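Colleague: Below is my_file37.cif; it holds mmCIF, C-alpha atoms (C1' of nucleotides).
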data_target
#
loop_
_atom_site.label_atom_id
_atom_site.label_comp_id
_atom_site.auth_asym_id
_atom_site.auth_seq_id
_atom_site.Cartn_x
_atom_site.Cartn_y
_atom_site.Cartn_z
CA MET A 1 24.08 56.87 4.03
CA ALA A 2 23.81 55.69 7.59
CA ALA A 3 21.59 58.41 8.94
CA LYS A 4 21.96 58.74 12.67
CA THR A 5 18.56 57.45 13.50
CA ARG A 6 17.80 56.52 17.07
CA SER A 7 18.07 52.90 16.03
CA ASP A 8 21.51 53.28 14.54
CA GLN A 9 22.76 54.92 17.69
CA ARG A 10 21.39 52.09 19.76
CA ARG A 11 22.96 49.53 17.50
CA ALA A 12 26.30 51.28 17.77
CA GLU A 13 26.04 51.21 21.56
CA ILE A 14 25.25 47.52 21.48
CA VAL A 15 28.16 46.74 19.18
CA ARG A 16 30.52 48.59 21.47
CA ALA A 17 29.22 46.65 24.45
CA ALA A 18 29.58 43.43 22.50
CA LEU A 19 33.22 44.28 21.81
CA GLU A 20 33.81 44.57 25.53
CA VAL A 21 32.05 41.39 26.47
CA ILE A 22 33.78 39.41 23.74
CA ALA A 23 37.11 40.72 25.00
CA GLU A 24 36.27 39.40 28.44
CA ARG A 25 34.71 36.06 27.59
CA GLY A 26 35.21 35.34 23.90
CA TYR A 27 32.36 34.95 21.46
CA ARG A 28 31.15 31.60 22.70
CA GLY A 29 31.36 32.78 26.29
CA ALA A 30 29.66 36.10 25.58
CA SER A 31 25.98 35.85 26.45
CA LEU A 32 23.41 38.11 24.90
CA ALA A 33 22.18 38.90 28.38
CA ALA A 34 25.59 40.20 29.41
CA VAL A 35 25.78 42.48 26.39
CA ALA A 36 22.22 43.66 26.90
CA GLU A 37 22.79 44.47 30.55
CA ARG A 38 25.74 46.66 29.63
CA VAL A 39 23.54 48.94 27.56
CA GLY A 40 20.61 48.78 29.98
CA LEU A 41 18.45 46.41 28.00
CA THR A 42 16.97 43.00 28.48
CA GLN A 43 18.29 40.18 26.38
CA GLN A 44 15.08 40.18 24.35
CA GLY A 45 15.30 43.92 23.85
CA LEU A 46 18.70 43.36 22.31
CA LEU A 47 17.30 40.70 20.00
CA HIS A 48 15.02 43.36 18.60
CA HIS A 49 18.05 45.10 17.12
CA PHE A 50 20.01 41.99 16.17
CA PRO A 51 17.76 39.01 15.47
CA THR A 52 20.42 36.42 16.36
CA LYS A 53 23.71 36.26 18.20
CA GLU A 54 25.51 35.66 14.95
CA ALA A 55 24.03 38.82 13.45
CA LEU A 56 25.58 40.73 16.32
CA LEU A 57 28.95 39.15 15.62
CA VAL A 58 28.69 40.12 11.98
CA ALA A 59 28.05 43.70 13.03
CA VAL A 60 31.13 43.58 15.25
CA LEU A 61 33.28 42.34 12.39
CA GLU A 62 31.90 44.96 10.03
CA GLU A 63 32.70 47.62 12.59
CA ARG A 64 36.27 46.43 12.56
CA ASP A 65 36.48 46.58 8.80
CA GLN A 66 35.47 50.20 8.77
CA TRP A 67 37.90 50.75 11.59
CA ASP A 68 41.14 50.34 9.72
CA ALA A 69 39.66 51.21 6.38
CA THR A 70 39.78 54.82 7.58
CA PRO A 71 43.56 55.33 7.29
CA SER A 72 42.95 56.59 3.79
CA ALA A 73 42.61 53.36 1.88
CA ARG A 74 45.66 51.17 2.34
CA GLU A 75 48.33 53.69 1.62
CA TRP A 76 50.44 53.32 4.68
CA ARG A 77 54.10 53.57 5.20
CA MET A 78 56.39 51.55 7.39
CA GLU A 79 56.56 54.34 9.95
CA LEU A 80 52.79 54.41 10.29
CA LEU A 81 52.78 50.70 10.90
CA ALA A 82 55.05 51.11 13.91
CA SER A 83 52.85 53.83 15.32
CA LEU A 84 49.79 51.68 14.74
CA VAL A 85 51.35 49.12 17.06
CA GLU A 86 51.98 51.83 19.61
CA TYR A 87 48.37 52.88 19.28
CA ASN A 88 47.22 49.32 19.83
CA ALA A 89 49.38 49.06 22.91
CA MET A 90 47.21 51.74 24.45
CA ARG A 91 44.00 49.87 23.71
CA PRO A 92 44.27 46.41 25.19
CA ALA A 93 40.50 45.90 25.13
CA ILE A 94 40.13 46.11 21.39
CA VAL A 95 43.24 44.03 20.78
CA GLN A 96 41.93 41.43 23.18
CA THR A 97 38.60 41.26 21.40
CA PHE A 98 40.07 40.35 18.08
CA SER A 99 42.81 38.15 19.44
CA ALA A 100 40.18 36.13 21.24
CA LEU A 101 38.05 35.99 18.11
CA LEU A 102 41.00 34.95 15.96
CA GLY A 103 41.76 32.13 18.36
CA GLU A 104 38.19 30.89 18.36
CA SER A 105 37.88 31.22 14.61
CA VAL A 106 40.20 28.32 13.89
CA THR A 107 37.68 25.92 15.44
CA GLU A 108 35.15 24.13 13.28
CA ASP A 109 32.12 25.94 11.98
CA HIS A 110 32.99 29.13 13.79
CA PRO A 111 30.95 31.98 12.35
CA ALA A 112 34.01 34.24 12.12
CA ARG A 113 36.20 31.74 10.31
CA GLY A 114 35.35 32.89 6.81
CA TYR A 115 35.80 36.48 7.81
CA PHE A 116 39.30 35.95 9.18
CA THR A 117 40.38 33.76 6.29
CA ARG A 118 39.42 36.44 3.80
CA ARG A 119 40.80 39.20 5.93
CA TYR A 120 44.25 37.67 6.35
CA ALA A 121 44.56 36.99 2.65
CA SER A 122 43.75 40.62 2.03
CA VAL A 123 46.07 41.91 4.75
CA ARG A 124 48.93 39.86 3.39
CA GLU A 125 48.38 41.47 0.02
CA ASP A 126 48.32 44.92 1.56
CA MET A 127 51.52 44.25 3.43
CA ALA A 128 53.25 42.90 0.34
CA ARG A 129 52.23 46.07 -1.47
CA LEU A 130 53.55 48.17 1.34
CA LEU A 131 56.85 46.32 1.44
CA ARG A 132 57.23 46.66 -2.30
CA ALA A 133 56.61 50.37 -2.09
CA GLU A 134 59.23 50.63 0.61
CA TYR A 135 61.95 48.31 -0.67
CA GLY A 136 61.19 47.35 -4.25
CA GLU A 137 61.32 43.78 -5.50
CA ARG A 138 63.84 42.60 -2.93
CA LEU A 139 64.21 43.43 0.71
CA PRO A 140 67.73 43.95 2.03
CA SER A 141 67.61 40.35 3.27
CA GLY A 142 66.90 39.09 -0.24
CA LEU A 143 63.29 38.11 0.47
CA THR A 144 60.53 39.14 -1.89
CA PRO A 145 57.66 41.26 -0.53
CA GLU A 146 55.37 38.23 -0.89
CA GLN A 147 57.71 36.16 1.25
CA ALA A 148 58.07 38.79 3.94
CA ALA A 149 54.41 39.78 4.18
CA PRO A 150 53.19 36.67 6.06
CA LEU A 151 56.06 37.10 8.49
CA LEU A 152 55.14 40.70 9.11
CA VAL A 153 51.55 39.75 9.82
CA ALA A 154 52.62 36.83 12.00
CA VAL A 155 54.82 39.06 14.12
CA LEU A 156 51.99 41.54 14.62
CA ASP A 157 49.60 38.83 15.83
CA GLY A 158 52.10 36.78 17.77
CA LEU A 159 53.36 39.79 19.68
CA GLN A 160 49.82 40.70 20.60
CA TYR A 161 49.28 37.36 22.33
CA GLN A 162 52.53 37.58 24.25
CA TRP A 163 51.73 41.13 25.25
CA LEU A 164 48.14 40.41 26.30
CA LEU A 165 49.30 37.54 28.47
CA ASP A 166 52.09 39.48 30.12
CA PRO A 167 51.99 43.22 29.41
CA GLU A 168 54.52 43.94 32.15
CA ASN A 169 57.25 41.87 30.56
CA VAL A 170 56.54 42.23 26.87
CA ASP A 171 57.23 45.52 25.16
CA MET A 172 55.12 45.09 22.05
CA PRO A 173 55.99 48.33 20.26
CA GLY A 174 59.68 47.93 21.05
CA ALA A 175 59.72 44.37 19.84
CA PHE A 176 57.96 45.34 16.65
CA ARG A 177 60.51 48.03 15.99
CA ASN A 178 63.20 45.41 16.41
CA PHE A 179 61.47 43.40 13.75
CA LEU A 180 61.52 46.36 11.41
CA VAL A 181 65.25 46.53 11.99
CA LEU A 182 65.43 42.88 11.04
CA LEU A 183 63.47 43.55 7.86
CA GLY A 184 65.19 46.67 6.78
CA GLU A 185 68.80 46.55 7.78
CA GLN A 186 71.71 44.34 7.13
CA GLY A 187 74.22 43.53 9.87
CA SER A 188 75.35 46.73 11.54
CA MET B 189 56.64 5.94 38.37
CA ALA B 190 53.34 6.12 36.53
CA ALA B 191 52.52 2.45 36.51
CA LYS B 192 50.25 1.58 33.61
CA THR B 193 47.24 0.83 35.70
CA ARG B 194 43.91 0.44 34.00
CA SER B 195 42.96 3.85 35.32
CA ASP B 196 46.02 5.56 33.85
CA GLN B 197 45.30 4.10 30.46
CA ARG B 198 41.75 5.30 30.63
CA ARG B 199 42.83 8.77 31.66
CA ALA B 200 45.25 8.90 28.74
CA GLU B 201 42.47 7.95 26.36
CA ILE B 202 40.27 10.66 27.77
CA VAL B 203 42.98 13.31 27.48
CA ARG B 204 43.55 12.39 23.86
CA ALA B 205 39.83 12.68 23.16
CA ALA B 206 39.75 16.01 24.96
CA LEU B 207 42.55 17.29 22.72
CA GLU B 208 40.42 16.47 19.70
CA VAL B 209 37.26 18.03 20.98
CA ILE B 210 39.05 21.18 22.09
CA ALA B 211 40.57 21.46 18.63
CA GLU B 212 37.09 21.35 17.15
CA ARG B 213 35.19 23.54 19.57
CA GLY B 214 37.63 25.27 21.89
CA TYR B 215 37.66 24.73 25.64
CA ARG B 216 34.47 26.62 26.40
CA GLY B 217 32.71 24.92 23.54
CA ALA B 218 33.99 21.47 24.44
CA SER B 219 31.34 19.63 26.44
CA LEU B 220 32.22 16.82 28.79
CA ALA B 221 29.55 14.74 27.10
CA ALA B 222 31.27 15.10 23.71
CA VAL B 223 34.61 14.01 25.16
CA ALA B 224 32.99 11.13 27.02
CA GLU B 225 31.18 9.87 23.96
CA ARG B 226 34.44 9.72 22.04
CA VAL B 227 35.88 7.22 24.49
CA GLY B 228 32.62 5.32 24.92
CA LEU B 229 31.64 6.68 28.30
CA THR B 230 28.85 8.68 29.77
CA GLN B 231 29.58 12.19 30.91
CA GLN B 232 29.27 11.05 34.51
CA GLY B 233 31.65 8.19 33.88
CA LEU B 234 34.20 10.70 32.69
CA LEU B 235 33.75 12.79 35.81
CA HIS B 236 34.85 9.76 37.78
CA HIS B 237 38.35 10.15 36.30
CA PHE B 238 38.44 13.95 36.27
CA PRO B 239 36.26 15.50 38.96
CA THR B 240 35.72 18.77 37.07
CA LYS B 241 36.06 20.09 33.57
CA GLU B 242 38.95 22.23 34.68
CA ALA B 243 40.81 19.22 36.03
CA LEU B 244 40.60 17.72 32.57
CA LEU B 245 42.04 20.88 31.05
CA VAL B 246 44.91 20.79 33.51
CA ALA B 247 45.66 17.23 32.44
CA VAL B 248 45.66 18.34 28.81
CA LEU B 249 48.13 21.11 29.55
CA GLU B 250 50.36 18.78 31.55
CA GLU B 251 50.35 16.37 28.65
CA ARG B 252 51.62 19.13 26.45
CA ASP B 253 54.40 19.98 28.86
CA GLN B 254 55.72 16.47 28.77
CA TRP B 255 55.29 16.54 25.03
CA ASP B 256 58.06 18.95 24.15
CA ALA B 257 60.07 18.28 27.24
CA THR B 258 61.09 15.05 25.55
CA PRO B 259 63.52 16.53 23.00
CA SER B 260 66.32 16.02 25.50
CA ALA B 261 65.85 19.01 27.77
CA ARG B 262 65.98 22.24 25.78
CA GLU B 263 69.09 21.64 23.79
CA TRP B 264 67.83 22.33 20.35
CA ARG B 265 69.50 23.85 17.39
CA MET B 266 68.12 26.16 14.77
CA GLU B 267 67.85 23.33 12.26
CA LEU B 268 65.72 21.30 14.65
CA LEU B 269 63.41 24.25 15.08
CA ALA B 270 62.71 24.34 11.36
CA SER B 271 61.97 20.65 11.31
CA LEU B 272 59.69 21.05 14.31
CA VAL B 273 57.62 23.44 12.23
CA GLU B 274 57.52 20.89 9.45
CA TYR B 275 56.42 18.29 11.93
CA ASN B 276 53.65 20.56 13.18
CA ALA B 277 52.50 21.15 9.63
CA MET B 278 51.66 17.45 9.48
CA ARG B 279 49.57 17.58 12.65
CA PRO B 280 46.96 20.29 12.26
CA ALA B 281 44.79 18.84 15.01
CA ILE B 282 47.31 19.33 17.78
CA VAL B 283 48.30 22.76 16.51
CA GLN B 284 44.66 23.73 16.36
CA THR B 285 44.08 22.60 19.93
CA PHE B 286 46.70 24.86 21.39
CA SER B 287 46.07 27.76 19.06
CA ALA B 288 42.44 27.71 20.12
CA LEU B 289 43.45 27.49 23.76
CA LEU B 290 45.94 30.33 23.42
CA GLY B 291 43.26 32.51 21.90
CA GLU B 292 40.80 31.76 24.66
CA SER B 293 43.40 32.19 27.35
CA VAL B 294 43.65 35.95 26.89
CA THR B 295 40.07 36.33 28.14
CA GLU B 296 39.38 37.04 31.78
CA ASP B 297 39.60 34.33 34.36
CA HIS B 298 40.39 31.70 31.79
CA PRO B 299 41.76 28.62 33.55
CA ALA B 300 44.64 28.31 31.07
CA ARG B 301 45.77 31.89 31.35
CA GLY B 302 48.34 31.33 34.06
CA TYR B 303 49.66 28.33 32.25
CA PHE B 304 50.26 30.21 29.01
CA THR B 305 51.74 33.23 30.73
CA ARG B 306 54.31 31.08 32.49
CA ARG B 307 54.92 28.99 29.43
CA TYR B 308 55.65 31.88 27.11
CA ALA B 309 58.04 33.47 29.57
CA SER B 310 59.88 30.18 29.73
CA VAL B 311 59.82 29.63 25.97
CA ARG B 312 61.23 33.09 25.37
CA GLU B 313 64.10 32.25 27.68
CA ASP B 314 64.72 28.98 25.88
CA MET B 315 64.73 30.72 22.53
CA ALA B 316 67.10 33.42 23.75
CA ARG B 317 69.41 30.68 24.97
CA LEU B 318 69.21 28.94 21.65
CA LEU B 319 69.90 32.11 19.72
CA ARG B 320 72.87 32.88 21.92
CA ALA B 321 74.26 29.41 21.37
CA GLU B 322 73.87 29.89 17.62
CA TYR B 323 74.98 33.48 17.15
CA GLY B 324 76.62 34.73 20.34
CA GLU B 325 75.77 38.07 21.91
CA ARG B 326 74.69 39.73 18.67
CA LEU B 327 72.76 38.37 15.75
CA PRO B 328 73.91 39.41 12.29
CA SER B 329 71.22 42.06 12.36
CA GLY B 330 72.64 43.55 15.54
CA LEU B 331 69.78 42.41 17.77
CA THR B 332 70.51 40.71 21.06
CA PRO B 333 69.16 37.21 21.65
CA GLU B 334 66.70 38.66 24.18
CA GLN B 335 65.40 41.07 21.57
CA ALA B 336 65.03 38.44 18.88
CA ALA B 337 63.48 35.73 21.04
CA PRO B 338 59.98 37.27 21.32
CA LEU B 339 59.98 37.80 17.56
CA LEU B 340 60.87 34.18 16.95
CA VAL B 341 58.06 33.03 19.19
CA ALA B 342 55.64 35.48 17.63
CA VAL B 343 56.42 34.24 14.14
CA LEU B 344 55.85 30.65 15.20
CA ASP B 345 52.42 31.43 16.65
CA GLY B 346 51.35 33.94 14.06
CA LEU B 347 52.16 31.64 11.19
CA GLN B 348 50.14 28.89 12.81
CA TYR B 349 47.00 31.01 12.77
CA GLN B 350 47.45 32.01 9.17
CA TRP B 351 48.12 28.41 8.22
CA LEU B 352 45.18 26.98 10.15
CA LEU B 353 42.83 29.46 8.53
CA ASP B 354 44.11 28.87 5.02
CA PRO B 355 46.41 25.86 4.72
CA GLU B 356 46.19 25.90 0.94
CA ASN B 357 47.66 29.35 0.59
CA VAL B 358 50.04 29.55 3.52
CA ASP B 359 53.23 27.53 3.46
CA MET B 360 54.08 27.55 7.13
CA PRO B 361 57.39 25.69 7.02
CA GLY B 362 58.55 27.68 4.02
CA ALA B 363 57.63 30.97 5.63
CA PHE B 364 59.43 30.01 8.80
CA ARG B 365 62.55 29.18 6.84
CA ASN B 366 62.34 32.62 5.31
CA PHE B 367 62.28 34.05 8.78
CA LEU B 368 65.42 32.14 9.65
CA VAL B 369 67.03 33.73 6.64
CA LEU B 370 65.94 37.07 8.00
CA LEU B 371 67.46 36.28 11.37
CA GLY B 372 70.69 34.75 10.20
CA GLU B 373 71.79 36.31 7.01
CA GLN B 374 72.60 39.73 5.80
CA GLY B 375 71.52 40.85 2.35
CA SER B 376 72.49 38.20 -0.20
"C1'" DC C 377 39.34 -24.17 45.87
"C1'" DA C 378 35.31 -21.80 47.60
"C1'" DC C 379 33.78 -17.88 49.70
"C1'" DC C 380 33.63 -13.10 51.09
"C1'" DG C 381 34.20 -8.34 51.26
"C1'" DC C 382 36.05 -4.29 49.13
"C1'" DC C 383 37.54 -0.99 45.99
"C1'" DT C 384 37.48 0.73 41.37
"C1'" DA C 385 34.94 1.84 37.40
"C1'" DC C 386 31.31 2.71 35.79
"C1'" DC C 387 25.97 3.56 35.37
"C1'" DT C 388 21.09 5.89 36.06
"C1'" DG C 389 18.68 9.57 37.96
"C1'" DT C 390 18.39 14.20 39.01
"C1'" DG C 391 18.97 19.21 39.44
"C1'" DA C 392 19.84 23.99 39.01
"C1'" DA C 393 21.46 27.30 36.07
"C1'" DA C 394 22.35 29.46 31.73
"C1'" DC C 395 21.72 29.62 27.05
"C1'" DG C 396 19.49 31.48 22.47
"C1'" DG C 397 15.22 32.28 20.71
"C1'" DT C 398 9.82 32.89 20.13
"C1'" DA C 399 5.30 35.04 21.06
"C1'" DG C 400 2.78 38.59 22.14
"C1'" DG C 401 1.71 42.60 24.73
"C1'" DT C 402 2.83 47.59 25.98
"C1'" DT C 403 4.99 51.99 25.82
"C1'" DT C 404 7.02 55.85 23.42
"C1'" DC C 405 7.52 58.99 19.88
"C1'" DG C 406 7.14 61.10 15.46
"C1'" DC D 407 -2.60 56.76 14.60
"C1'" DG D 408 1.01 53.85 13.38
"C1'" DA D 409 5.39 52.10 13.72
"C1'" DA D 410 9.46 51.38 16.18
"C1'" DA D 411 11.44 50.14 20.66
"C1'" DC D 412 11.25 47.47 24.35
"C1'" DC D 413 9.27 44.37 28.00
"C1'" DT D 414 7.23 40.06 30.31
"C1'" DA D 415 6.45 35.40 29.89
"C1'" DC D 416 7.88 31.27 28.26
"C1'" DC D 417 10.17 27.23 26.00
"C1'" DG D 418 13.43 23.60 24.87
"C1'" DT D 419 18.03 22.51 25.12
"C1'" DT D 420 22.50 22.11 26.93
"C1'" DT D 421 25.67 22.68 30.45
"C1'" DC D 422 28.46 20.88 34.68
"C1'" DA D 423 27.89 18.60 38.66
"C1'" DC D 424 26.02 15.68 42.65
"C1'" DA D 425 23.96 11.45 44.70
"C1'" DG D 426 23.49 6.95 44.90
"C1'" DG D 427 23.41 2.39 43.03
"C1'" DT D 428 25.69 -1.75 40.60
"C1'" DA D 429 28.87 -4.95 38.45
"C1'" DG D 430 33.24 -7.00 38.30
"C1'" DG D 431 37.92 -8.00 39.43
"C1'" DC D 432 41.09 -8.94 43.18
"C1'" DG D 433 43.11 -10.16 47.55
"C1'" DG D 434 42.68 -12.50 51.74
"C1'" DT D 435 40.89 -16.26 54.54
"C1'" DG D 436 39.09 -20.69 55.85
#
Will you turn the file into structure tokens for me?
Modeller:
Amino acid sequence: MAAKTRSDQRRAEIVRAALEVIAERGYRGASLAAVAERVGLTQQGLLHHFPTKEALLVAVLEERDQWDATPSAREWRMELLASLVEYNAMRPAIVQTFSALLGESVTEDHPARGYFTRRYASVREDMARLLRAEYGERLPSGLTPEQAAPLLVAVLDGLQYQWLLDPENVDMPGAFRNFLVLLGEQGS
Amino acid sequence: MAAKTRSDQRRAEIVRAALEVIAERGYRGASLAAVAERVGLTQQGLLHHFPTKEALLVAVLEERDQWDATPSAREWRMELLASLVEYNAMRPAIVQTFSALLGESVTEDHPARGYFTRRYASVREDMARLLRAEYGERLPSGLTPEQAAPLLVAVLDGLQYQWLLDPENVDMPGAFRNFLVLLGEQGS
DNA sequence: CACCGCCTACCTGTGAAACGGTAGGTTTCG
DNA sequence: CGAAACCTACCGTTTCACAGGTAGGCGGTG
């Protein structure tokens, strides 16, 4: 599937440009004209590939889904999670895109709201599974995987905001590793 | 100071309305007309009290500063923090306002960016202070207060997003209490 | 108390820009 | 030749903001 037709290539270019513009201005602030200009198109030329602005957003979100579906279908380990954070720390643009979208998505009738709601439910499940694989039914702290999973996700997101706002003073990968210590170890 | 002149009352009304509209549409999506209508004014009438949209945002942020400055100047305890989360869980609107603003603020040239950067630096300090008062130089896990503080803040924010997106399935106060267990106790 | 002038709090009117989207023509390429 | 890719032209709406007018309360003065 997904033959590399000329059209598909163009669409991929546009989606990448949209990621950038959304990172800079958010979804509401991202104009079709700005995205179009970045790939050397007019706004109407862009609308030929994506009939509405919302269709473009959907494509962006789908791109993201394929993005972390690649690490061989949700069979991570704790170590990989830490290195994922390190990887993210080298790509502020992409982190910024989805942090901005997450923030917007809590507002009413936002077109990404359903996506994020579903996604976080699913990510929490994945994380609970991962924690169970790592620690069994009880973490060293006594929490169940289902209790710890939302905290793990919250730390990932929360650290991203602090880091995006002040990358000089917030060591995201280091902080996350500290959290893993918190999860895994009992008083030294 | 701050005599309750007619003007000050009006401004307070407007700020409250702005909080609501921002919660629903974000800052970029919040139109002056929508805020004005909510207090029974025209958009131009509103601009008499706040000369620009940005001035209104500044007033909203200042309101927030006074908001949690009231708990007797940063002398909280861990217990109070948990009950603050419970309190927030009863006021989704206000949480939504500032979660939406935080999300937007990571985009370029956002007028609230400086505010949030400063605020988070200061909140991390406050939290480190609080943790030190509670646990001394080392938490049970071995982390220093300065290492744990960003994690505490991250959990607070991250949980808010998960809860706003899916209040039925995310028990924010409960999850936060679990985090306090993680911070304070060693395996049961 | 009557009058007057002024300042505050609004209003109407207007504008320029940006927005997403439609319609329809033209080029390019297989 | 036919379809896909892209453009020009346009439209209606919404946005923040400016300009200028008006109504009403309030203080001072005769």
Colleague: Identify all residues satisfying the PyMOL selection byres ((chain D) within 9 of (chain B)) in the given file; provide them as a list in words.
Modeller: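 After applying the PyMOL selection byres ((chain D) within 9 of (chain B)), what remains is DT421, DC422 and DA423 of chain D.
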Colleague: Using the chain letters and residue numbers of this document, give as a list in words the residues selected by the PyMOL selection byres ((chain B and resi 274) around 12).
Modeller: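 Taken on the displayed file, the PyMOL selection byres ((chain B and resi 274) around 12) yields the residues Glu267, Leu268, Leu269, Ala270, Ser271, Leu272, Val273, Tyr275, Asn276, Ala277, Met278, Arg279, Pro280, Val283, Leu344, Gln348, Asp359, Met360, Pro361, Gly362, Ala363, Phe364 and Arg365 of chain B.
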Colleague: Could you save those same residues with C-alpha atoms as an mmCIF file, keeping the file's coordinate frame?
Modeller:
data_model
loop_
_atom_site.group_PDB
_atom_site.id
_atom_site.type_symbol
_atom_site.label_atom_id
_atom_site.label_comp_id
_atom_site.auth_asym_id
_atom_site.auth_seq_id
_atom_site.Cartn_x
_atom_site.Cartn_y
_atom_site.Cartn_z
ATOM 1 C CA GLU B 267 67.850 23.330 12.260
ATOM 2 C CA LEU B 268 65.720 21.300 14.650
ATOM 3 C CA LEU B 269 63.410 24.250 15.080
ATOM 4 C CA ALA B 270 62.710 24.340 11.360
ATOM 5 C CA SER B 271 61.970 20.650 11.310
ATOM 6 C CA LEU B 272 59.690 21.050 14.310
ATOM 7 C CA VAL B 273 57.620 23.440 12.230
ATOM 8 C CA TYR B 275 56.420 18.290 11.930
ATOM 9 C CA ASN B 276 53.650 20.560 13.180
ATOM 10 C CA ALA B 277 52.500 21.150 9.630
ATOM 11 C CA MET B 278 51.660 17.450 9.480
ATOM 12 C CA ARG B 279 49.570 17.580 12.650
ATOM 13 C CA PRO B 280 46.960 20.290 12.260
ATOM 14 C CA VAL B 283 48.300 22.760 16.510
ATOM 15 C CA LEU B 344 55.850 30.650 15.200
ATOM 16 C CA GLN B 348 50.140 28.890 12.810
ATOM 17 C CA ASP B 359 53.230 27.530 3.460
ATOM 18 C CA MET B 360 54.080 27.550 7.130
ATOM 19 C CA PRO B 361 57.390 25.690 7.020
ATOM 20 C CA GLY B 362 58.550 27.680 4.020
ATOM 21 C CA ALA B 363 57.630 30.970 5.630
ATOM 22 C CA PHE B 364 59.430 30.010 8.800
ATOM 23 C CA ARG B 365 62.550 29.180 6.840
#
Colleague: When you get a sec, could you note down which chain C residues fall within 10 Å of chain A, using all atoms listed in the file, as a ChimeraX atom specification?
Modeller: /C:394-398
Colleague: Okay, now the selection with C-alpha atoms (C1' of nucleotides), as a short mmCIF file (atom, residue, chain, number, x, y, z; two decimals), in the frame of the given file?
Modeller:
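Resulting contents of part-v9.cif:
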data_model
loop_
_atom_site.label_atom_id
_atom_site.label_comp_id
_atom_site.auth_asym_id
_atom_site.auth_seq_id
_atom_site.Cartn_x
_atom_site.Cartn_y
_atom_site.Cartn_z
"C1'" DA C 394 22.35 29.46 31.73
"C1'" DC C 395 21.72 29.62 27.05
"C1'" DG C 396 19.49 31.48 22.47
"C1'" DG C 397 15.22 32.28 20.71
"C1'" DT C 398 9.82 32.89 20.13
#
Colleague: Show me, as a VMD selection string, the residues of chain A whose atoms get within 7 Å of chain B, using all atoms listed in the file for the distance check.
Modeller: chain A and resid 23 to 26 28 to 29 96 99 to 100 102 to 104 106 to 108 117 140 to 142 147 151 154 to 155 157 to 159 164 to 166 175 179 182 to 183 185 to 188
Colleague: Within 12 Å of segment 409-415 of chain D, counting only C-alpha atoms (C1' of nucleotides), which residues show up once you throw out same-chain ones fewer than 3 positions away? Write them as a PyMOL selection string, please.
Modeller: (chain A and resi 5-7+10-11+36+40-49) or (chain C and resi 398-406)
Colleague: Taking the file as I've supplied it (selection: the PyMOL selection byres ((chain D and resi 432) around 12)), which residues are included? Please answer as a list in words.
Modeller: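 This file, filtered by the PyMOL selection byres ((chain D and resi 432) around 12), leaves DC380, DG381, DC382, DC383 and DT384 of chain C; DG430, DG431, DG433 and DG434 of chain D.
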Colleague: Quick one: distance from atom CA of Ala30 of chain A to atom CA of Ala55 of chain A in Å, one decimal?
Modeller: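 Result for atom CA of Ala30 of chain A versus atom CA of Ala55 of chain A: 13.6 Å, one decimal.
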Colleague: Distance atom C1' of DC386 of chain C-atom CA of Pro299 of chain B, one decimal place?
Modeller: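 Going from atom C1' of DC386 of chain C over to atom CA of Pro299 of chain B covers 28.0 Å.
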Colleague: Report, in Å to a single decimal, how far apart atom CA of Arg226 of chain B and atom C1' of DT390 of chain C are.
Modeller: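 Atom C1' of DT390 of chain C sits 23.8 Å away from atom CA of Arg226 of chain B.
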Colleague: Adding 6 Å on each side of the box along x, y and z that holds all listed atoms of segment 314-328 of chain B, could you give its centre and edge lengths in Å to one decimal, as AutoDock Vina command-line options?
Modeller:
--center_x 70.7 --center_y 34.3 --center_z 19.1 --size_x 23.9 --size_y 22.8 --size_z 25.6
Colleague: Using only C-alpha atoms (C1' of nucleotides), collect all residues at a distance of at most 6 Å from (30.0, 45.0, 17.2) as written in the file, then present them as a PyMOL selection string.
Modeller: chain A and resi 15-16+18-19+59-60+63
Colleague: Could you list, as a VMD selection string, every residue within 7 Å of Val39 of chain A, counting only C-alpha atoms (C1' of nucleotides) and ignoring same-chain residues fewer than 2 positions away?
Modeller: chain A and resid 13 to 14 17 35 to 37 41
Colleague: Could you give me, as a CSV table (one decimal) with C-alpha atoms, keeping the file's coordinate frame, the residues that have an atom at most 10 Å away from the point (68.4, 32.0, 24.0) in the coordinates of the file, using only C-alpha atoms (C1' of nucleotides)?
Modeller:
chain,number,residue,atom,x,y,z
B,311,VAL,CA,59.8,29.6,26.0
B,312,ARG,CA,61.2,33.1,25.4
B,313,GLU,CA,64.1,32.2,27.7
B,314,ASP,CA,64.7,29.0,25.9
B,315,MET,CA,64.7,30.7,22.5
B,316,ALA,CA,67.1,33.4,23.8
B,317,ARG,CA,69.4,30.7,25.0
B,318,LEU,CA,69.2,28.9,21.6
B,319,LEU,CA,69.9,32.1,19.7
B,320,ARG,CA,72.9,32.9,21.9
B,321,ALA,CA,74.3,29.4,21.4
B,322,GLU,CA,73.9,29.9,17.6
B,323,TYR,CA,75.0,33.5,17.2
B,324,GLY,CA,76.6,34.7,20.3
B,325,GLU,CA,75.8,38.1,21.9
B,332,THR,CA,70.5,40.7,21.1
B,333,PRO,CA,69.2,37.2,21.6
B,334,GLU,CA,66.7,38.7,24.2
B,335,GLN,CA,65.4,41.1,21.6
B,336,ALA,CA,65.0,38.4,18.9
B,337,ALA,CA,63.5,35.7,21.0
